Each structure stands twice: as C-alpha cells, then as structure tokens.
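To be precise, the following lines are structure_7.tsv, and they hold TSV, C-alpha atoms.
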chain	number	residue	atom	x	y	z
G	54	MET	CA	0.00	0.00	0.00
G	55	SER	CA	1.27	3.45	-0.74
G	56	GLY	CA	2.27	5.61	2.14
G	57	THR	CA	-0.10	8.45	1.33
G	58	GLY	CA	-3.80	8.86	0.73
G	59	SER	CA	-5.68	11.23	-1.51
G	60	GLU	CA	-5.27	14.50	0.37
G	61	ASP	CA	-7.00	17.86	0.11
G	62	ARG	CA	-6.27	20.81	2.37
G	63	ASN	CA	-9.36	22.76	1.37
G	64	ASN	CA	-11.32	23.16	4.59
G	65	GLY	CA	-14.51	23.46	2.61
G	66	ARG	CA	-14.41	19.76	1.71
G	67	PRO	CA	-15.54	16.98	4.02
G	68	GLY	CA	-12.66	15.92	6.22
G	69	GLY	CA	-11.10	19.39	6.30
G	70	GLY	CA	-10.98	21.91	9.13
G	71	ASP	CA	-12.27	20.70	12.49
G	72	ALA	CA	-13.01	17.25	11.04
G	73	ALA	CA	-9.27	16.74	10.49
G	74	GLY	CA	-8.67	17.46	14.16
G	75	ASP	CA	-11.42	15.04	15.17
G	76	LEU	CA	-9.93	12.35	12.94
G	77	ALA	CA	-6.45	12.98	14.36
G	78	GLY	CA	-7.71	12.73	17.94
G	79	ALA	CA	-9.66	9.55	17.28
G	80	LEU	CA	-6.65	7.87	15.67
G	81	ARG	CA	-4.45	8.76	18.64
G	82	ARG	CA	-6.99	7.44	21.15
G	83	TRP	CA	-7.48	4.19	19.25
G	84	ARG	CA	-3.71	3.72	18.94
G	85	ASP	CA	-3.13	4.41	22.64
G	86	ARG	CA	-5.69	1.84	23.80
G	87	LEU	CA	-4.30	-1.06	21.73
G	88	ASP	CA	-2.08	-3.44	23.69
G	89	PRO	CA	0.96	-4.43	21.57
G	90	ALA	CA	0.66	-8.02	22.78
G	91	THR	CA	-2.80	-8.38	21.22
G	92	VAL	CA	-1.36	-7.76	17.75
G	93	GLY	CA	1.64	-10.04	18.21
G	94	LEU	CA	4.16	-7.32	19.04
G	95	PRO	CA	6.55	-7.48	22.01
G	96	ALA	CA	5.74	-5.05	24.80
G	97	GLY	CA	9.39	-4.04	24.97
G	98	ARG	CA	10.88	-1.71	27.54
G	99	ALA	CA	10.93	2.04	28.10
G	100	ARG	CA	7.45	2.65	26.68
G	101	ARG	CA	6.52	6.15	27.76
G	102	ALA	CA	2.85	5.67	26.96
G	103	PRO	CA	0.43	2.76	26.63
G	104	GLY	CA	-0.60	1.40	23.29
G	105	LEU	CA	1.16	1.15	19.96
G	106	ARG	CA	3.96	3.36	18.74
G	107	ARG	CA	3.37	5.22	15.50
G	108	GLN	CA	5.90	3.11	13.65
G	109	GLU	CA	4.12	-0.04	14.88
G	110	LEU	CA	0.77	1.19	13.58
G	111	ALA	CA	2.40	2.08	10.27
G	112	GLN	CA	3.88	-1.41	10.03
G	113	LEU	CA	0.54	-3.09	10.76
G	114	ALA	CA	-1.34	-0.87	8.30
G	115	GLY	CA	1.27	-1.07	5.54
G	116	MET	CA	1.95	2.64	5.21
G	117	SER	CA	4.74	5.07	6.01
G	118	VAL	CA	5.37	6.41	9.51
G	119	ASP	CA	5.41	9.93	8.05
G	120	TYR	CA	1.87	9.52	6.79
G	121	VAL	CA	0.64	8.27	10.19
G	122	ILE	CA	2.24	11.34	11.78
G	123	ARG	CA	0.52	13.66	9.31
G	124	LEU	CA	-2.82	11.97	9.99
G	125	GLU	CA	-2.41	12.33	13.75
G	126	GLN	CA	-1.38	15.97	13.39
G	127	GLY	CA	-4.38	16.78	11.19
G	128	ARG	CA	-2.21	17.56	8.15
G	129	ALA	CA	-3.46	14.66	6.00
G	130	THR	CA	-7.05	15.75	5.67
G	131	SER	CA	-8.60	13.30	3.19
G	132	PRO	CA	-7.17	9.78	3.43
G	133	SER	CA	-8.31	7.33	0.79
G	134	THR	CA	-10.75	4.49	1.36
G	135	GLN	CA	-7.84	2.05	1.05
G	136	ILE	CA	-5.92	3.86	3.79
G	137	LEU	CA	-8.96	3.97	6.08
G	138	THR	CA	-9.66	0.27	5.58
G	139	ALA	CA	-6.06	-0.58	6.48
G	140	LEU	CA	-6.17	1.63	9.57
G	141	ALA	CA	-9.46	0.11	10.75
G	142	ARG	CA	-8.00	-3.38	10.48
G	143	ALA	CA	-4.68	-2.46	12.14
G	144	LEU	CA	-6.43	-0.67	15.02
G	145	ARG	CA	-8.87	-3.59	15.52
G	146	LEU	CA	-11.88	-1.28	15.27
G	147	SER	CA	-15.39	-2.56	15.80
G	148	GLU	CA	-17.94	-2.08	13.03
G	149	PRO	CA	-19.47	1.08	14.61
G	150	GLU	CA	-15.96	2.50	15.15
G	151	ARG	CA	-15.06	1.70	11.56
G	152	ARG	CA	-18.11	3.59	10.28
G	153	HIS	CA	-17.18	6.50	12.56
G	154	LEU	CA	-13.63	6.54	11.16
G	155	PHE	CA	-14.94	6.84	7.61
G	156	LEU	CA	-17.34	9.63	8.58
G	157	LEU	CA	-14.56	11.59	10.34
G	158	ALA	CA	-12.46	11.31	7.17
G	159	GLY	CA	-15.32	12.61	5.00
G	160	ARG	CA	-15.76	9.31	3.20
G	161	PRO	CA	-19.00	7.38	2.68
G	162	ALA	CA	-19.52	4.96	5.54
G	163	PRO	CA	-19.24	1.29	4.56
G	164	THR	CA	-22.60	-0.21	3.72
G	165	THR	CA	-23.98	-3.71	3.35
G	166	ALA	CA	-24.50	-3.22	-0.39
G	167	ARG	CA	-21.29	-5.16	-0.99
G	168	VAL	CA	-20.01	-8.35	0.58
G	169	PRO	CA	-18.13	-7.12	3.68
G	170	ALA	CA	-14.49	-8.03	4.19
G	171	HIS	CA	-13.93	-6.32	7.54
G	172	LEU	CA	-12.45	-8.50	10.28
G	173	THR	CA	-14.14	-8.11	13.64
G	174	PRO	CA	-11.78	-7.65	16.62
G	175	GLY	CA	-12.61	-11.16	17.85
G	176	VAL	CA	-11.76	-12.78	14.53
G	177	GLN	CA	-8.56	-10.76	14.30
G	178	ARG	CA	-7.55	-11.91	17.79
G	179	MET	CA	-8.19	-15.50	16.75
G	180	LEU	CA	-5.81	-15.08	13.81
G	181	ASP	CA	-3.22	-13.43	16.06
G	182	GLN	CA	-3.36	-15.97	18.87
G	183	MET	CA	-4.06	-19.37	17.23
G	184	ARG	CA	-0.56	-19.71	15.81
G	185	ALA	CA	-0.41	-23.48	16.25
G	186	THR	CA	-3.62	-24.05	14.26
G	187	PRO	CA	-4.23	-23.31	10.56
G	188	VAL	CA	-6.92	-20.60	10.39
G	189	GLY	CA	-8.38	-18.98	7.26
G	190	VAL	CA	-11.09	-16.31	7.12
G	191	TYR	CA	-13.47	-16.13	4.14
G	192	ASP	CA	-16.12	-13.61	3.20
G	193	ALA	CA	-19.74	-14.50	2.43
G	194	ALA	CA	-18.82	-15.45	-1.16
G	195	TRP	CA	-16.07	-17.80	0.07
G	196	THR	CA	-13.14	-15.59	-0.94
G	197	LEU	CA	-10.15	-15.91	1.38
G	198	ILE	CA	-9.50	-12.50	2.96
G	199	ALA	CA	-7.17	-13.29	5.89
G	200	TRP	CA	-5.10	-16.21	7.15
G	201	ASN	CA	-2.38	-17.07	9.59
G	202	GLN	CA	1.09	-18.38	8.82
G	203	LEU	CA	0.25	-22.03	9.41
G	204	HIS	CA	-2.72	-21.87	7.03
G	205	ALA	CA	-0.38	-20.56	4.34
G	206	ALA	CA	2.16	-23.27	5.12
G	207	LEU	CA	-0.48	-26.00	4.90
G	208	HIS	CA	-2.38	-24.91	1.79
G	209	GLY	CA	0.12	-22.66	0.00
G	210	ASP	CA	0.79	-18.95	0.41
G	211	PRO	CA	-2.09	-16.96	-1.15
G	212	SER	CA	-0.52	-13.53	-0.66
G	213	GLY	CA	0.45	-13.14	-4.31
G	214	SER	CA	-2.80	-14.49	-5.76
G	215	PRO	CA	-5.51	-12.26	-7.25
G	216	GLU	CA	-8.88	-12.12	-5.52
G	217	ARG	CA	-10.61	-14.43	-7.98
G	218	GLU	CA	-8.02	-17.18	-7.42
G	219	ARG	CA	-8.62	-16.91	-3.68
G	220	ASN	CA	-12.28	-17.80	-4.14
G	221	VAL	CA	-13.13	-21.36	-3.09
G	222	LEU	CA	-15.82	-21.96	-5.70
G	223	TRP	CA	-13.82	-20.50	-8.57
G	224	ARG	CA	-10.82	-22.68	-7.79
G	225	HIS	CA	-12.88	-25.83	-7.41
G	226	PHE	CA	-15.24	-25.53	-10.36
G	227	THR	CA	-12.58	-24.29	-12.80
G	228	GLY	CA	-10.18	-27.09	-11.89
G	229	LEU	CA	-7.32	-25.07	-10.43
G	230	SER	CA	-4.74	-27.18	-8.62
G	231	ASP	CA	-5.49	-28.16	-5.05
G	232	ARG	CA	-3.87	-30.05	-2.20
G	233	VAL	CA	-7.13	-31.50	-0.84
G	234	THR	CA	-8.64	-34.75	-2.13
G	235	HIS	CA	-12.30	-35.80	-1.82
G	236	THR	CA	-14.18	-39.02	-2.17
G	237	PRO	CA	-17.07	-38.76	-4.67
G	238	GLU	CA	-19.52	-38.49	-1.75
G	239	GLN	CA	-17.49	-35.74	-0.07
G	240	GLN	CA	-17.23	-33.82	-3.33
G	241	ALA	CA	-20.99	-33.93	-3.87
G	242	ARG	CA	-21.64	-32.61	-0.36
G	243	PHE	CA	-18.97	-29.95	-0.72
G	244	GLU	CA	-20.33	-28.66	-4.03
G	245	THR	CA	-23.93	-28.60	-2.87
G	246	ALA	CA	-23.06	-26.74	0.33
G	247	THR	CA	-20.80	-24.09	-1.20
G	248	VAL	CA	-23.18	-23.34	-4.08
G	249	ALA	CA	-26.02	-23.00	-1.57
G	250	ASP	CA	-23.87	-20.59	0.48
G	251	LEU	CA	-23.14	-18.52	-2.61
G	252	ARG	CA	-26.82	-18.36	-3.54
G	253	SER	CA	-27.62	-17.18	-0.03
G	254	ALA	CA	-24.98	-14.46	-0.33
G	255	THR	CA	-26.53	-13.15	-3.56
G	256	ALA	CA	-29.83	-12.80	-1.72
G	257	ARG	CA	-28.20	-10.79	1.09
G	258	TYR	CA	-26.15	-8.59	-1.26
G	259	PRO	CA	-28.26	-8.27	-4.42
G	260	THR	CA	-26.47	-5.14	-5.69
G	261	ASP	CA	-22.90	-6.40	-5.29
G	262	ARG	CA	-21.54	-6.35	-8.85
G	263	ARG	CA	-18.47	-8.45	-8.10
G	264	LEU	CA	-20.64	-11.15	-6.57
G	265	ARG	CA	-22.97	-11.18	-9.58
G	266	THR	CA	-20.01	-11.29	-11.95
G	267	LEU	CA	-18.57	-14.25	-10.05
G	268	VAL	CA	-21.82	-16.20	-10.45
G	269	THR	CA	-22.06	-15.35	-14.15
G	270	ASP	CA	-18.46	-16.37	-14.79
G	271	LEU	CA	-18.89	-19.61	-12.86
G	272	ARG	CA	-21.98	-20.51	-14.90
G	273	HIS	CA	-20.01	-19.99	-18.11
G	274	ALA	CA	-16.92	-21.83	-16.85
G	275	SER	CA	-18.56	-24.90	-15.31
G	276	ASP	CA	-21.58	-26.89	-16.49
G	277	ARG	CA	-21.61	-28.65	-13.12
G	278	PHE	CA	-21.87	-25.35	-11.26
G	279	ALA	CA	-24.62	-24.18	-13.62
G	280	ARG	CA	-26.65	-27.33	-13.00
G	281	LEU	CA	-26.31	-27.00	-9.23
G	282	TRP	CA	-27.17	-23.30	-9.37
G	283	ASP	CA	-30.28	-23.91	-11.47
G	284	SER	CA	-31.39	-26.80	-9.24
G	285	HIS	CA	-31.62	-24.52	-6.19
G	286	ALA	CA	-30.06	-27.35	-4.19
G	287	VAL	CA	-29.53	-26.70	-0.48
G	288	GLY	CA	-26.97	-28.17	1.85
G	289	SER	CA	-24.67	-27.47	4.77
G	290	HIS	CA	-21.18	-28.42	5.81
G	291	THR	CA	-21.08	-31.63	7.84
G	292	MET	CA	-18.54	-32.99	10.25
G	293	ASP	CA	-15.86	-34.93	8.41
G	294	THR	CA	-12.14	-35.34	7.90
G	295	LYS	CA	-10.05	-34.36	4.91
G	296	THR	CA	-6.68	-35.25	3.51
G	297	VAL	CA	-4.31	-32.43	2.59
G	298	HIS	CA	-1.34	-33.48	0.43
G	299	HIS	CA	1.60	-31.28	1.33
G	300	PRO	CA	4.62	-31.36	-1.02
G	301	ASP	CA	7.16	-31.52	1.84
G	302	VAL	CA	5.60	-33.41	4.73
G	303	GLY	CA	3.18	-35.62	2.81
G	304	PRO	CA	-0.51	-36.28	3.49
G	305	LEU	CA	-2.21	-34.92	6.61
G	306	VAL	CA	-5.58	-36.24	7.78
G	307	LEU	CA	-7.30	-33.30	9.50
G	308	ASP	CA	-10.62	-32.32	11.02
G	309	CYS	CA	-12.16	-29.09	9.78
G	310	ASP	CA	-14.62	-26.69	11.40
G	311	VAL	CA	-16.35	-23.73	9.77
G	312	LEU	CA	-17.34	-21.14	12.39
G	313	ASN	CA	-19.66	-18.21	11.75
G	314	ALA	CA	-18.61	-15.14	13.72
G	315	PRO	CA	-21.51	-13.26	15.37
G	316	GLY	CA	-21.91	-9.70	14.14
G	317	SER	CA	-20.22	-10.42	10.82
G	318	ASP	CA	-20.76	-12.36	7.63
G	319	LEU	CA	-17.47	-14.22	7.78
G	320	HIS	CA	-16.58	-17.92	7.64
G	321	VAL	CA	-13.67	-18.89	9.90
G	322	VAL	CA	-12.11	-22.20	8.83
G	323	ILE	CA	-10.04	-24.07	11.40
G	324	HIS	CA	-8.03	-27.26	10.80
G	325	THR	CA	-7.06	-29.52	13.68
G	326	ALA	CA	-5.32	-32.88	14.10
G	327	ALA	CA	-5.99	-35.56	16.69
G	328	PRO	CA	-3.49	-35.28	19.59
G	329	GLY	CA	-0.51	-37.57	19.15
G	330	SER	CA	-1.38	-38.34	15.54
G	331	ASP	CA	0.96	-38.33	12.58
G	332	ALA	CA	-0.89	-35.26	11.27
G	333	ALA	CA	-0.30	-33.42	14.56
G	334	ASP	CA	3.45	-34.04	14.24
G	335	LYS	CA	3.38	-32.81	10.63
G	336	LEU	CA	1.52	-29.63	11.61
G	337	SER	CA	4.16	-28.97	14.24
G	338	LEU	CA	6.84	-29.37	11.58
G	339	LEU	CA	5.01	-27.00	9.22
G	340	ALA	CA	4.83	-24.42	12.00
G	341	VAL	CA	8.64	-24.46	11.98
G	342	ILE	CA	9.39	-24.53	8.25
G	343	GLY	CA	6.46	-22.33	7.20
G	344	THR	CA	6.39	-21.43	3.51
G	345	GLN	CA	10.10	-20.70	3.18
G	346	THR	CA	11.42	-24.10	2.18
G	347	MET	CA	8.37	-25.67	0.59
G	348	ALA	CA	8.95	-27.47	-2.69
G	349	GLU	CA	6.10	-26.04	-4.69
G	350	PRO	CA	4.31	-28.20	-7.26
G	351	SER	CA	4.31	-27.23	-10.90
G	352	GLY	CA	0.88	-25.60	-10.66
G	353	GLY	CA	2.37	-22.61	-8.83
G	354	PRO	CA	2.85	-21.39	-5.27
G	355	PHE	CA	-0.82	-21.32	-4.29
G	356	THR	CA	-2.50	-24.69	-4.57
G	357	GLY	CA	-4.56	-25.27	-1.51
G	358	LEU	CA	-7.57	-23.18	-0.63
G	359	GLY	CA	-9.87	-24.47	-3.35
G	360	ASP	CA	-11.55	-27.17	-1.29
G	361	SER	CA	-9.94	-26.42	2.05
G	362	VAL	CA	-13.39	-25.78	3.50
G	363	GLY	CA	-14.96	-28.94	2.14
G	364	GLU	CA	-16.71	-31.33	4.51
G	365	CYS	CA	-16.45	-29.19	7.62
G	366	GLN	CA	-18.51	-28.76	10.74
G	367	SER	CA	-20.55	-25.56	10.79
G	368	GLY	CA	-20.76	-23.67	14.06
G	369	GLN	CA	-20.68	-20.27	15.73
G	370	LEU	CA	-17.90	-18.50	17.57
G	371	ARG	CA	-18.70	-18.00	21.20
Spell out the structure here as structure tokens.
Amino acid sequence: MSGTGSEDRNNGRPGGGDAAGDLAGALRRWRDRLDPATVGLPAGRARRAPGLRRQELAQLAGMSVDYVIRLEQGRATSPSTQILTALARALRLSEPERRHLFLLAGRPAPTTARVPAHLTPGVQRMLDQMRATPVGVYDAAWTLIAWNQLHAALHGDPSGSPERERNVLWRHFTGLSDRVTHTPEQQARFETATVADLRSATARYPTDRRLRTLVTDLRHASDRFARLWDSHAVGSHTMDTKTVHHPDVGPLVLDCDVLNAPGSDLHVVIHTAAPGSDAADKLSLLAVIGTQTMAEPSGGPFTGLGDSVGECQSGQLR
C-alpha cells in the first residue's frame, strides 16, 4: 500500500478543518488503547505511553510512519478508502468504530450493499493468537480475505494471488490445482453446500456487482456449477475429515470446522489434528518450516484453498 492517501487541504471539503482534528484525535486514542501483545508485538521496555507506537501502527497498516504522523497531526485531511480500511483493520476497530472513522475522514460509511471483508476484533484476535492451528477467514462469497502463517504453510501462500483465485468456488469448479482430495460423496456434499452458500450471499447482497459477476463467470466456466445453481439445491457443511497433500511433509488427515462469527458475515475455517497423531506431528513441523522451504508443485505457489473448507462442521464462535 502506498504511504499516502488522496489528500485535500481545502477546509470546505468533508474531512477538512475541524473534522481533520477530530480524525487525528480519534486515531491517537485508538492507537493508545491497543495493547501491543494483542497484535503479536513485544511489549518491549521504556514505553513512555500505553498502546502502539506510531511506527508499529504504520507497520501493521502497511503505510509510512510519516503519513501516520501527518494523519495524527491533522495535516493529511482526506485519506483514501484504502488507507482507512487498512487503519481500521490495524487498530482492531469494531464495526461502529469503523463507520465513525470513515465519517470523520469525510468518506461514505461502509454499507452492506457489498459483501463485507472487515475483520471483527474477535476474529482478528483469533488469527493473532491461534498460531499453532491453521486458520483462514473467508467472506460471504467464500473468498479468502485473511489467514495465519500455518494456514499458508499448509495450503500454500495466497498472498500473491488475485482475488478471484482466492475464491473457493472458482478454484474448485474451474479445476485449479489443489492439495485436498475428496471421495465422490465428499465432493458432492462440498459442491452442494458451497453453491447453496453462494446463492444465499446473492440474496443478502443483491447489488454487489463483483458477486454477480462471479456467479455469471462460474456458470459460463462450469456446467456442473450451472446445474447445481439452477437446481436450487440446499446443503450445509457436515462434520468430516479431509486429507491435505503437502509437497514436503506428505498427506495430513485433518478435522475441519467452519465457524460463523456473530456480528459479521465471515466464515472462519479451522483445521485440527488428533493429539498424538501423525498429522499433529506434521503440523508442528510445518509451524517451523512455514512457507520458506516448501517445494512447490508445478501448478504454482498457491494450490490449496480451493476445497480447504470442504466437509467441515458448521458452528458459531462463542
């Protein structure tokens, strides 16, 4: 992300004048209240004030320290939507706080017209703290939007993949390479459930153009998807195991749970291994080697999220 937003110092525009001071004050307060340990940073010594340092916020948000300073001094008066989204995520803002941030910056508040991709503070903490368990977070259309290091090590690092290739249904129905294998029965359940989820998402977000385009493209790319879509089939994820074929450590037999986070429209996918099992030992090894030394298959560096949610247990985060 670039270190600057779209700025305007004309006080007549939204976000100028007193609004810039309000935005600056809110950013400082939100930064001061955030415990470094909750975002995976060491507390360190000689902290003169609670909360994050400016350089730590800049690191988490992917922008320059200089730009954070200008925002907190009221000199950057009209940050872009991209900048605001990154700040909201880095500061672990709640949904009402996120809307308030956008309003202070003179930007339209996020609406439910589009599939939301905002991580709630609880989901973000889960990603930060569950380092020994592969965790991936998907939006309502089953596009991967956040993950921890072990998820990337298990399924392949998605950081360089475009949004469409991070969508579960697109990868599966267009035949992109994948590390998960299904029995015919598992595949049928997986397809029915994910198509039903996607149909439900189109009902909740009827004006989301990207969602509609995804459905149209899937219908053109896959006759099987088109048949399932037209059949109005319904289904849900069921408790099952899956086998993930990792290029370095070999096959892992894992349990999978899909959790729905209250107050959001996110799917949180968690993979676990039975204690003392061969898969548990392999997950521990992957936690050490990560993605650095993986021998990637010929299909490319990202081969695993396509069916990584298949045959899982649905539930709700408590």
Determine the nearest neighbour of Asp308 in chain G from the options G:Arg224, G:Arg167, G:Lys295, G:His208, counting all atoms listed in the file.
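For Asp308 in chain G, the nearest of the given residues is G:Lys295.
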How far is it from CA of Gly93 in chain G to CA of Asp181 in chain G, in Å with one decimal?
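Computed distance, CA of Gly93 in chain G to CA of Asp181 in chain G, equals 6.3 Å.
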Which of these, G:Ala143, G:Leu271, G:Leu203, G:Leu229, has the shortest distance to Val341 in chain G once you count only C-alpha atoms?
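Looking only at the distances to Val341 in chain G, the closest residue turns out to be G:Leu203.
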Which residue of G:Ala206, G:Ala77, G:Cys309, G:Ala199 approaches Ala185 in chain G most closely, using all atoms listed in the file:
G:Ala206
Quote the spacing between CA of Leu172 in chain G and CA of Thr296 in chain G in Å to one decimal place.
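Those two atoms sit 28.2 Å apart.
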